[in-house]
Each structure stands twice: as C-alpha cells, then as structure tokens.
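Content type CSV, C-alpha atoms and all ligand atoms, from the file data32.csv:
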```csv
chain,number,residue,atom,x,y,z
A,1308,MET,CA,31.7,182.8,93.7
A,1309,ALA,CA,30.7,182.3,90.1
A,1310,PHE,CA,31.8,185.8,89.3
A,1311,GLY,CA,35.1,185.2,91.1
A,1312,ASP,CA,35.7,182.0,89.1
A,1313,ALA,CA,35.0,183.7,85.9
A,1314,LEU,CA,37.4,186.5,86.8
A,1315,VAL,CA,40.2,184.0,87.7
A,1316,LYS,CA,39.7,182.4,84.3
A,1317,ALA,CA,39.8,185.7,82.6
A,1318,LEU,CA,42.9,186.7,84.5
A,1319,ILE,CA,45.0,183.6,84.3
A,1320,GLY,CA,43.1,181.2,82.2
A,1321,ASP,CA,42.3,177.6,83.0
A,1322,GLY,CA,45.9,176.5,83.1
A,1323,PRO,CA,47.5,173.9,85.4
A,1324,LEU,CA,48.0,176.5,88.1
A,1325,LEU,CA,44.4,176.1,89.2
A,1326,THR,CA,44.8,172.4,89.7
A,1327,LEU,CA,47.4,173.0,92.4
A,1328,PRO,CA,45.7,172.6,95.8
A,1329,GLY,CA,46.0,175.7,97.9
A,1330,TRP,CA,46.4,178.2,95.1
A,1331,ARG,CA,42.8,178.3,94.0
A,1332,PRO,CA,41.3,179.5,97.4
A,1333,ALA,CA,44.0,182.1,97.7
A,1334,LEU,CA,43.3,183.4,94.2
A,1335,LEU,CA,39.6,183.3,94.8
A,1336,MET,CA,40.0,185.4,97.9
A,1337,LEU,CA,42.2,187.8,96.0
A,1338,THR,CA,39.8,188.2,93.1
A,1339,SER,CA,36.6,188.3,95.2
A,1340,GLY,CA,38.2,191.0,97.3
A,1341,PHE,CA,38.9,192.8,94.1
A,1342,ALA,CA,35.3,192.2,92.8
A,1343,GLY,CA,34.0,193.6,96.1
A,1344,LEU,CA,35.6,196.9,95.2
A,1345,LEU,CA,34.0,197.1,91.9
A,1346,PRO,CA,30.5,198.2,92.9
A,1347,ALA,CA,32.0,201.0,95.1
A,1348,THR,CA,34.0,202.3,92.2
A,1349,ALA,CA,31.0,202.2,90.0
A,1350,GLY,CA,29.0,204.0,92.6
A,1351,ARG,CA,31.4,206.9,92.6
A,1352,ALA,CA,31.5,207.0,88.8
A,1353,ASP,CA,27.8,207.4,88.6
A,1354,PRO,CA,26.9,210.2,89.1
A,1355,PRO,CA,30.1,211.5,87.7
A,1356,ASP,CA,32.6,213.2,89.8
A,1357,PHE,CA,31.1,216.3,91.6
A,1358,HIS,CA,33.3,219.2,90.6
A,1359,HIS,CA,36.4,217.1,91.4
A,1360,ALA,CA,35.5,217.0,95.1
A,1361,PRO,CA,38.2,215.1,97.0
A,1362,LEU,CA,37.2,211.7,98.4
A,1363,SER,CA,37.5,213.1,101.9
A,1364,ALA,CA,34.7,215.6,101.2
A,1365,ALA,CA,32.1,212.8,100.9
A,1366,SER,CA,32.9,211.6,104.4
A,1367,LEU,CA,32.3,215.0,106.0
A,1368,GLU,CA,29.3,214.5,108.3
A,1369,ASN,CA,26.4,217.0,108.2
A,1370,PRO,CA,25.8,217.8,111.8
A,1371,TYR,CA,22.2,218.9,111.0
A,1372,HIS,CA,21.3,216.1,108.6
A,1373,GLY,CA,17.5,215.9,108.4
A,1374,GLN,CA,16.9,218.5,111.1
A,1375,ALA,CA,13.8,220.7,110.3
A,1376,SER,CA,15.0,223.7,112.2
A,1377,ALA,CA,18.4,223.7,110.4
A,1378,ALA,CA,16.6,223.3,107.0
A,1379,GLN,CA,14.4,226.3,107.9
A,1380,ALA,CA,17.4,228.4,108.7
A,1381,GLY,CA,19.0,227.2,105.5
A,1382,ARG,CA,15.9,228.2,103.6
A,1383,GLU,CA,16.2,231.8,104.8
A,1384,LEU,CA,20.0,231.9,104.0
A,1385,TYR,CA,19.2,230.5,100.6
A,1386,ALA,CA,16.7,233.3,99.9
A,1387,VAL,CA,19.3,235.9,100.8
A,1388,HIS,CA,22.4,234.5,99.2
A,1389,CYS,CA,21.5,232.0,96.5
A,1390,ALA,CA,18.0,232.6,95.1
A,1391,ALA,CA,19.1,235.4,92.8
A,1392,CYS,CA,21.2,233.0,90.7
A,1393,HIS,CA,19.7,229.6,91.4
A,1394,GLY,CA,16.1,230.6,91.3
A,1395,ARG,CA,13.6,231.0,94.1
A,1396,SER,CA,12.7,227.3,94.1
A,1397,ALA,CA,16.3,226.3,93.2
A,1398,GLU,CA,15.0,225.5,89.8
A,1399,GLY,CA,18.0,227.1,88.1
A,1400,THR,CA,18.1,230.2,85.9
A,1401,GLY,CA,19.6,230.5,82.4
A,1402,ASN,CA,22.7,228.4,82.5
A,1403,ILE,CA,23.0,228.4,86.3
A,1404,PRO,CA,22.2,224.8,87.4
A,1405,ALA,CA,19.1,223.7,89.4
A,1406,LEU,CA,19.9,222.6,92.9
A,1407,ALA,CA,16.5,221.0,93.7
A,1408,ARG,CA,17.3,218.2,91.2
A,1409,GLY,CA,20.4,217.0,89.4
A,1410,PRO,CA,23.8,216.1,90.9
A,1411,VAL,CA,23.3,218.0,94.2
A,1412,GLN,CA,20.5,215.6,95.1
A,1413,ASN,CA,22.7,212.5,94.3
A,1414,VAL,CA,25.9,213.3,96.0
A,1415,ALA,CA,26.9,213.2,99.7
A,1416,ASP,CA,26.1,216.2,101.9
A,1417,GLY,CA,29.8,216.7,102.5
A,1418,GLU,CA,30.5,217.2,98.8
A,1419,VAL,CA,27.9,219.9,98.4
A,1420,PHE,CA,29.3,221.5,101.6
A,1421,TRP,CA,32.8,221.3,100.1
A,1422,PHE,CA,31.7,222.9,96.8
A,1423,ILE,CA,29.7,225.7,98.5
A,1424,THR,CA,32.8,226.5,100.6
A,1425,LYS,CA,35.2,226.5,97.7
A,1426,GLY,CA,33.1,227.8,94.7
A,1427,SER,CA,33.8,226.9,91.1
A,1428,ASN,CA,37.2,227.1,89.6
A,1429,SER,CA,35.8,229.5,87.0
A,1430,GLY,CA,34.5,231.8,89.8
A,1431,ALA,CA,31.0,231.8,88.3
A,1432,MET,CA,29.8,230.2,91.5
A,1433,PRO,CA,31.3,232.3,94.3
A,1434,SER,CA,33.0,230.8,97.3
A,1435,TRP,CA,30.9,231.0,100.5
A,1436,ALA,CA,33.7,230.4,102.9
A,1437,SER,CA,32.9,233.8,104.4
A,1438,LEU,CA,29.6,232.2,105.8
A,1439,PRO,CA,30.2,230.4,109.1
A,1440,ALA,CA,30.4,226.6,108.6
A,1441,GLN,CA,27.2,226.3,110.6
A,1442,GLN,CA,25.3,228.3,108.0
A,1443,ARG,CA,26.9,226.4,105.1
A,1444,TRP,CA,25.6,223.1,106.7
A,1445,GLN,CA,22.2,224.7,107.1
A,1446,LEU,CA,22.2,225.5,103.4
A,1447,VAL,CA,23.1,222.0,102.5
A,1448,THR,CA,20.4,220.6,104.9
A,1449,TYR,CA,17.8,222.9,103.2
A,1450,LEU,CA,19.0,221.9,99.6
A,1451,LYS,CA,18.6,218.2,100.5
A,1452,THR,CA,15.0,218.7,101.5
A,1453,LEU,CA,14.2,219.9,98.0
A,1454,VAL,CA,14.4,216.6,96.3
A,1455,ASP,CA,10.7,216.0,96.3
A,1456,ALA,CA,9.5,219.6,96.4
A,1457,PRO,CA,7.5,221.0,93.5
A,1458,MET,CA,9.7,223.0,91.3
A,1459,VAL,CA,7.5,226.1,91.3
A,1460,ALA,CA,5.8,227.3,94.4
A,1461,PRO,CA,2.1,226.6,94.2
A,1462,ALA,CA,-0.1,229.7,93.4
A,1463,PRO,CA,-1.5,231.2,96.6
A,1464,VAL,CA,-5.0,230.2,97.4
A,1465,ALA,CA,-7.4,232.9,96.3
A,1466,ALA,CA,-8.9,234.9,99.2
A,1467,PRO,CA,-12.6,234.1,99.8
A,1468,MET,CA,-14.8,236.5,97.9
A,1469,THR,CA,-16.5,239.2,99.9
A,1470,PRO,CA,-19.6,240.5,98.1
A,1471,LEU,CA,-19.2,244.1,97.0
A,1472,THR,CA,-21.6,246.5,98.6
A,1473,ALA,CA,-20.3,249.8,97.0
A,1474,PRO,CA,-23.1,251.7,95.1
A,1475,PRO,CA,-23.0,251.6,91.3
A,1476,PRO,CA,-20.8,254.4,89.8
A,1477,PRO,CA,-22.7,257.4,88.4
A,1478,ALA,CA,-23.3,257.2,84.7
A,1479,PRO,CA,-21.6,257.3,82.2
A,1480,PHE,CA,-19.0,255.5,84.4
A,1481,THR,CA,-19.3,251.8,85.2
A,1482,ASP,CA,-17.4,249.0,86.8
A,1483,PHE,CA,-16.9,245.3,86.3
A,1484,ARG,CA,-20.1,244.4,88.1
A,1485,PHE,CA,-22.3,246.2,85.5
A,1486,GLU,CA,-20.2,245.8,82.3
A,1487,VAL,CA,-21.7,243.6,79.6
A,1488,PRO,CA,-19.9,242.6,76.4
A,1489,GLY,CA,-20.7,244.9,73.5
A,1490,ALA,CA,-22.1,247.8,75.6
A,1491,VAL,CA,-20.5,251.1,74.8
A,1492,HIS,CA,-20.0,253.9,77.2
A,1493,LYS,CA,-19.3,257.4,75.9
A,1494,ILE,CA,-17.4,259.4,78.3
A,1495,ALA,CA,-17.2,263.1,77.3
A,1496,LEU,CA,-14.7,265.7,78.6
A,1497,SER,CA,-17.5,267.3,80.6
A,1498,ASP,CA,-17.9,264.0,82.5
A,1499,LEU,CA,-14.4,264.1,83.9
A,1500,PRO,CA,-13.5,265.9,87.1
A,1501,ALA,CA,-12.2,269.5,86.6
A,1502,PRO,CA,-8.4,269.7,86.7
A,1503,PHE,CA,-7.0,269.7,90.3
A,1504,ALA,CA,-10.5,269.1,91.7
A,1505,THR,CA,-9.7,265.7,93.1
A,1506,SER,CA,-8.9,265.2,96.8
A,1507,SER,CA,-5.3,264.3,96.1
A,1508,ALA,CA,-4.6,267.3,93.9
A,1509,GLY,CA,-3.0,269.3,96.6
A,1510,ASN,CA,-0.9,266.5,97.9
A,1511,ALA,CA,2.3,267.4,96.2
A,1512,PRO,CA,5.7,266.9,97.9
A,1513,THR,CA,6.9,269.7,100.1
A,1514,ILE,CA,10.5,270.7,100.6
A,1515,VAL,CA,11.7,270.6,104.2
A,1516,ALA,CA,14.8,272.0,105.8
A,1517,ARG,CA,18.0,269.8,105.6
A,1518,PRO,CA,18.4,268.0,108.9
A,1519,ALA,CA,21.4,269.2,110.8
A,1520,ASP,CA,23.0,265.7,111.1
A,1521,ALA,CA,22.6,264.9,107.4
A,1522,CYS,CA,25.9,263.9,105.8
A,1601,LIG,C1,26.5,234.8,91.2
A,1601,LIG,C2,25.6,233.7,91.0
A,1601,LIG,C3,25.6,232.6,92.0
A,1601,LIG,C4,25.2,232.7,93.3
A,1601,LIG,C5,24.9,233.9,94.1
A,1601,LIG,C6,25.3,231.3,93.9
A,1601,LIG,N1,25.6,230.4,92.9
A,1601,LIG,FE1,25.8,228.4,93.1
A,1601,LIG,N2,26.4,228.3,91.2
A,1601,LIG,C7,26.5,229.3,90.3
A,1601,LIG,C8,27.0,228.8,89.0
A,1601,LIG,C9,27.3,229.6,87.8
A,1601,LIG,C10,27.2,227.4,89.2
A,1601,LIG,C11,27.8,226.4,88.2
A,1601,LIG,C12,29.3,226.4,88.4
A,1601,LIG,C13,30.0,225.4,87.6
A,1601,LIG,O1,29.4,224.3,87.3
A,1601,LIG,O2,31.1,225.7,87.2
A,1601,LIG,C14,26.8,227.1,90.6
A,1601,LIG,C15,26.8,225.8,91.1
A,1601,LIG,C16,26.4,225.5,92.4
A,1601,LIG,C17,26.3,224.2,92.9
A,1601,LIG,C18,26.7,222.9,92.2
A,1601,LIG,C19,25.5,222.5,91.3
A,1601,LIG,C20,25.8,221.4,90.4
A,1601,LIG,O3,24.8,220.7,90.0
A,1601,LIG,O4,26.9,221.1,90.0
A,1601,LIG,C21,25.9,224.3,94.2
A,1601,LIG,C22,25.6,223.2,95.2
A,1601,LIG,C23,25.6,225.7,94.4
A,1601,LIG,N3,25.9,226.4,93.3
A,1601,LIG,C24,25.1,226.2,95.6
A,1601,LIG,C25,24.9,227.5,95.9
A,1601,LIG,C26,24.5,228.0,97.1
A,1601,LIG,C27,24.2,227.2,98.4
A,1601,LIG,C28,24.5,229.4,97.0
A,1601,LIG,C29,24.2,230.4,98.1
A,1601,LIG,C30,25.0,230.4,99.3
A,1601,LIG,C31,24.9,229.7,95.7
A,1601,LIG,N4,25.2,228.6,95.0
A,1601,LIG,C32,25.0,231.0,95.2
A,1601,LIG,C33,26.2,230.6,90.5
A,1601,LIG,C34,25.8,231.1,91.7
```
What's the structure tokens form of this structure?
Amino acid sequence: MAFGDALVKALIGDGPLLTLPGWRPALLMLTSGFAGLLPATAGRADPPDFHHAPLSAASLENPYHGQASAAQAGRELYAVHCAACHGRSAEGTGNIPALARGPVQNVADGEVFWFITKGSNSGAMPSWASLPAQQRWQLVTYLKTLVDAPMVAPAPVAAPMTPLTAPPPPAPFTDFRFEVPGAVHKIALSDLPAPFATSSAGNAPTIVARPADAC
C-alpha cells in the first residue's frame, strides 16, 4: 500500500482530511484500484497501438492457437498469398515489414487477425477478408510460430558425393577432375564437332495442326 499512500499524498496532500477516520481506507481503496489499472494501460502502450486495432480485436480468440496442423496449413497459405511481399521466411522485403519479428510477435493473435482481415488504411497491405476466417486464423497461427525461427531457411544439406566413374574426356578437352591451376588447353576449330553433327541438331520444334477445340 506504500504506492497507494504516496498517490493519496500526491493527489490530496497530507491535509487534515486524512486524519478523519473512515476516509482514509475509502481513499486507499479508490487509489489502489486506480493503481491496479496502471500496469494494464502501460501494457497496451508498449508495444504501441497495433494499426489502431480496437480493444475488442485483442480478445478475439484464435480457435487454432498452438495447433501444429493449423500452422502447417497457414504456412502453405502464407507461401501462396503473402511471401511475395513479406519474404519467404517473413523476414520482410524493402519497406514491407517482417512478420517473424517485430510487432506481430508481441500483440494478441486477435489483433493480427483483425489487421489481416482489414488491410492497411493506405491499401499497401491488402485486405484478406476474401479468405475464409478459418484460413486467416491458420495464417495467424503460422505467423506466431515464427518467433524463434531462423530468419533465413538453412542451406540444404549437400547430397553425399558419389565418385565419378566417367572416362576422361578426349584431349584437348578436360573436366574439373583433371584441371590443374596454370595448365593451358588449346582448343582449335578442328577439335570442335562439325556443325549440326551433334545428336540434338535435328531436334528442332515442329509445327503441328491447330487442335479443333483451340480457342
Ligand atoms: C502487396 C504486398 C502485400 C501482400 C501480398 C501482403 N502484405 Fe501484409 N503488409 C504489406 C505492407 C505494405 C504492410 C505495411 C502496412 C502498413 O504498415 O501500413 C503489411 C503489413 C502486414 C502486417 C502488419 C505488420 C506490422 O508489423 O505492422 C501483417 C500482420 C501482415 N501484413 C500480414 C500479411 C499476411 C498474413 C499476408 C498474406 C495473407 C500479407 N500480409 C500479404 C504488404 C503486403
């Protein structure tokens, strides 16, 4: 109650009012109730308001919260609808914000859902109200799984090496297995295959009759 006391002093001073029995507890209740509201207000102020989402948006409940199958569905939807602008790993592109970090990861699922549904006032972020609500929640569920994900997908693991068994190319040609730094290979015109002598030379496109049902 020390904080409440301080607040009472700050509000009304240490005047004779406080000496009246009965007043002080009532004031304390009033001020501690008020003090109880403060952290909640501060909580909403930091992070700052998410695109002016109404308070009711934050209380919308994500029916799929934490469900892996919904996150997987959302991941596929994300690749189709969102990755072009927000980046494949939701890392952001140009001046389009990242979704894997930043405000999206700090606000309620319902606020993200609300914004995806509505889009930005400027129109730069389209409204996705045309997607069924179920899909919008799946997108939110997926985005919320990204918070600890690496920003860039890890490089694919190299395929195990299979030893090359092809014979060495005929001289003067060579390949990477036999090249050594500084060695020069002189390839003359006469070493090259004759024009149109390769197996694919006759593989030109052919013209076929127009199908009867072509429009
Ligand atoms: C045409 C490009 C484009 C596409 C496609 C797009 N967005 Fe956006 N998005 C934006 C832009 C631009 C902003 C920033 C809008 C602003 O702050 O005014 C944004 C902002 C957001 C934000 C708020 C981010 C923040 O930190 O404030 C979310 C969430 C979001 N988009 C989700 C999505 C989802 C989910 C999809 C796919 C369904 C999607 N976006 C598709 C361009 C796009």
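As for atom CA of Ala1473 of chain A and atom CA of Ala1511 of chain A, they are spaced 28.7 Å apart.
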> Quick one: residues within 7 Å of segment 1409-1419 of chain A, all atoms listed in the file counted, chain neighbours fewer than 4 positions away excluded, as a PyMOL selection string?
Replying inline: chain A and resi 1354+1360+1364-1369+1405+1423+1447+1451+1454
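The space separating atom N4 of ligand LIG 1601 (chain A) from atom CA of Met1432 of chain A comes to 6.0 Å.
Straight-line separation from atom CA of Ala1501 of chain A to atom CA of Ile1514 of chain A: 26.7 Å.
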>> Using all atoms listed in the file, which residues have at least one atom no more than 9 Å from ligand LIG 1601 (chain A)? Output them as a PyMOL selection string.
In response: chain A and resi 1357-1358+1381+1384-1393+1402-1406+1408-1412+1418-1424+1426-1435+1438+1442-1443+1446-1447+1450
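Ranking A:Ser1506, A:Thr1400, A:Thr1513, A:Thr1448 by their shortest atom-to-atom distance to Ala1377 of chain A, with all atoms listed in the file included, puts A:Thr1448 first.
Residue nearest Ser1376 of chain A, chosen from A:Ser1396, A:Pro1470, A:Asp1356, A:Trp1444 and counting only C-alpha atoms: A:Trp1444.
Proximity of A:Pro1488, A:Ala1440, A:Ser1497, A:Ala1508 to Tyr1371 of chain A, computed with all atoms listed in the file, is greatest for A:Ala1440.
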